[in-house]
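Structure, as structure tokens:
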Amino acid sequence: MNTKATALGKQHILVVEDDTKIADMLTNYLHMHGFETTVCSNGLDAVPLVRAITPALVVLDLMLPGQDGIAVCEQLRAFSAVPIIMVTARVDEIDRLLGLDTGADDYVCKPFSPREVVARIQALLRRAQGSLSAQAHHAAPNSVTAPAAAALVADDTTLSIRWNGQLLPLTPVEFRLLRLLMSRPSHVFSRARLLDHVHHDLRDVSDRAIDSHIKNLRRKLDAAGAVGHSVASVYGVGYRFEVD
């Protein structure tokens, strides 16, 4: 495990990668762009490190000694909404990952360009910090309340959504997705429109990623007891937010 001390004002990226050449290449490029990094090579070390250093983002390899990236990601999502970029060595593996409830915000395939990964990191961090696109700001007000006794409320200022005051444990991507759906109840959004809203600068992300995010949203709404509020599938088109 290699840890760089975090300088004041610099964002800290945790790189979980057992290939030292890839880890060194990525961390060097991150340092060039003003980030501080911590690197660990064993999946068993990742969760304790996130608790210890509270990174701004995690770059997580799929195949790791100790435990794999899927297990790490699931454990992180039990207590943290830190943005996660999952890395795999196989293109076809991404399709499988998108169908799983991993909770990752993005996926990249090796061999990758460090420039591309840093661009994705910067995009996710901007959104996690509340830098929503101008289009999103013009489309809806800073606070959206779903009907039915104002039980479900989204707040752009804190990037949070609450059910009867209870904070939903959403990732940045899940927040943006549910926020958009809530802004127009009963309106049908296509997968392409939803994908463009949450990943508009990540052009090679499959639209099947939306299905995975919707699955996560449904699970979290159910866990919070959000009775009468649901995300409905519209066959062959996309999704709409429904309020009974």
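Residue numbers start at 1 in each chain; chains themselves are named A, B, ... in the order of the structure tokens; ligands are numbered from 1 in the order shown.
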Exercise for review: Quick one: everything within 7 Å of stretch 10-18 of chain A, counting only C-alpha atoms, minus sequence neighbours fewer than 4 positions away in the same chain. Send it as a PyMOL selection string.
Suggested key: chain A and resi 6+23+34-42+46+55-61+64
Practice item. Using only C-alpha atoms, determine which residues lie at most 12 Å from stretch 102-105 of chain A, disregarding the query and same-chain residues fewer than 5 positions distant; provide the list as an NGL selection string. Key: :A and (57-62 or 68-87 or 94 or 96-97 or 120-121 or 123-125 or 127-128 or 169-177 or 198-199 or 202 or 205 or 209-217 or 219-220)
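Using only C-alpha atoms, the nearest neighbour of A:Asn28 within the list A:Val234, A:Leu221, A:Leu44, A:Val118 is A:Val118.
The spacing separating atom CA of A:Ala119 from atom CA of A:Tyr107 amounts to 12.9 Å.
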Practice item. Just the residues within 9 Å of stretch 236-241 of chain A, please, counting only C-alpha atoms, with nothing from its chain fewer than 4 positions along; format it as an NGL selection string. Key: :A and (178 or 181-194 or 214 or 229-232)
Go ahead and save the picked residues with N, CA and C atoms, as an mmCIF file, in the first residue's frame.
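After the write, part.cif holds the following:
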```cif
data_model
loop_
_atom_site.group_PDB
_atom_site.id
_atom_site.type_symbol
_atom_site.label_atom_id
_atom_site.label_comp_id
_atom_site.auth_asym_id
_atom_site.auth_seq_id
_atom_site.Cartn_x
_atom_site.Cartn_y
_atom_site.Cartn_z
ATOM 1 N N LEU A 178 -32.864 10.269 -10.338
ATOM 2 C CA LEU A 178 -34.146 10.395 -9.651
ATOM 3 C C LEU A 178 -34.617 11.843 -9.644
ATOM 4 N N LEU A 181 -36.302 12.459 -12.981
ATOM 5 C CA LEU A 181 -37.585 11.765 -13.049
ATOM 6 C C LEU A 181 -38.635 12.465 -12.187
ATOM 7 N N MET A 182 -38.258 12.906 -11.002
ATOM 8 C CA MET A 182 -39.183 13.588 -10.099
ATOM 9 C C MET A 182 -39.635 14.936 -10.647
ATOM 10 N N SER A 183 -38.805 15.567 -11.479
ATOM 11 C CA SER A 183 -39.132 16.904 -11.970
ATOM 12 C C SER A 183 -40.354 16.898 -12.874
ATOM 13 N N ARG A 184 -40.666 15.735 -13.456
ATOM 14 C CA ARG A 184 -41.829 15.639 -14.356
ATOM 15 C C ARG A 184 -42.541 14.308 -14.125
ATOM 16 N N PRO A 185 -43.303 14.193 -13.053
ATOM 17 C CA PRO A 185 -44.020 12.940 -12.788
ATOM 18 C C PRO A 185 -44.919 12.554 -13.949
ATOM 19 N N SER A 186 -44.948 11.257 -14.241
ATOM 20 C CA SER A 186 -45.756 10.652 -15.312
ATOM 21 C C SER A 186 -45.177 10.880 -16.707
ATOM 22 N N HIS A 187 -44.165 11.740 -16.815
ATOM 23 C CA HIS A 187 -43.538 11.935 -18.130
ATOM 24 C C HIS A 187 -42.604 10.769 -18.428
ATOM 25 N N VAL A 188 -42.650 10.266 -19.652
ATOM 26 C CA VAL A 188 -41.800 9.144 -20.041
ATOM 27 C C VAL A 188 -40.472 9.672 -20.577
ATOM 28 N N PHE A 189 -39.384 9.298 -19.906
ATOM 29 C CA PHE A 189 -38.043 9.655 -20.358
ATOM 30 C C PHE A 189 -37.427 8.449 -21.050
ATOM 31 N N SER A 190 -36.891 8.659 -22.222
ATOM 32 C CA SER A 190 -36.219 7.562 -22.921
ATOM 33 C C SER A 190 -34.910 7.222 -22.230
ATOM 34 N N ARG A 191 -34.410 6.003 -22.458
ATOM 35 C CA ARG A 191 -33.112 5.626 -21.897
ATOM 36 C C ARG A 191 -32.022 6.573 -22.384
ATOM 37 N N ALA A 192 -32.098 6.942 -23.668
ATOM 38 C CA ALA A 192 -31.087 7.833 -24.232
ATOM 39 C C ALA A 192 -31.099 9.197 -23.536
ATOM 40 N N ARG A 193 -32.309 9.709 -23.248
ATOM 41 C CA ARG A 193 -32.415 11.004 -22.571
ATOM 42 C C ARG A 193 -31.855 10.923 -21.161
ATOM 43 N N LEU A 194 -32.181 9.845 -20.450
ATOM 44 C CA LEU A 194 -31.670 9.672 -19.095
ATOM 45 C C LEU A 194 -30.158 9.504 -19.097
ATOM 46 N N ILE A 214 -31.628 2.298 -12.328
ATOM 47 C CA ILE A 214 -33.045 2.257 -11.976
ATOM 48 C C ILE A 214 -33.301 1.134 -10.972
ATOM 49 N N HIS A 229 -44.716 5.909 -4.374
ATOM 50 C CA HIS A 229 -43.748 6.530 -5.271
ATOM 51 C C HIS A 229 -42.920 5.427 -5.915
ATOM 52 N N SER A 230 -42.878 5.406 -7.236
ATOM 53 C CA SER A 230 -42.178 4.321 -7.920
ATOM 54 C C SER A 230 -41.661 4.786 -9.272
ATOM 55 N N VAL A 231 -40.687 4.040 -9.796
ATOM 56 C CA VAL A 231 -40.163 4.269 -11.137
ATOM 57 C C VAL A 231 -40.676 3.135 -12.010
ATOM 58 N N ALA A 232 -41.534 3.465 -12.955
ATOM 59 C CA ALA A 232 -42.181 2.459 -13.795
ATOM 60 C C ALA A 232 -41.456 2.323 -15.127
#
```
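Note that the spacing between atom CA of A:Ala224 and atom CA of A:Val47 amounts to 24.5 Å.
Nearest residue to A:Phe112 among A:Arg218, A:Arg126, A:Arg90, A:Thr157 is A:Arg90, counting only C-alpha atoms.
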Review point. Do you have the atom CA of A:Met32-atom CA of A:Thr54 distance handy?
Key: 21.3 Å
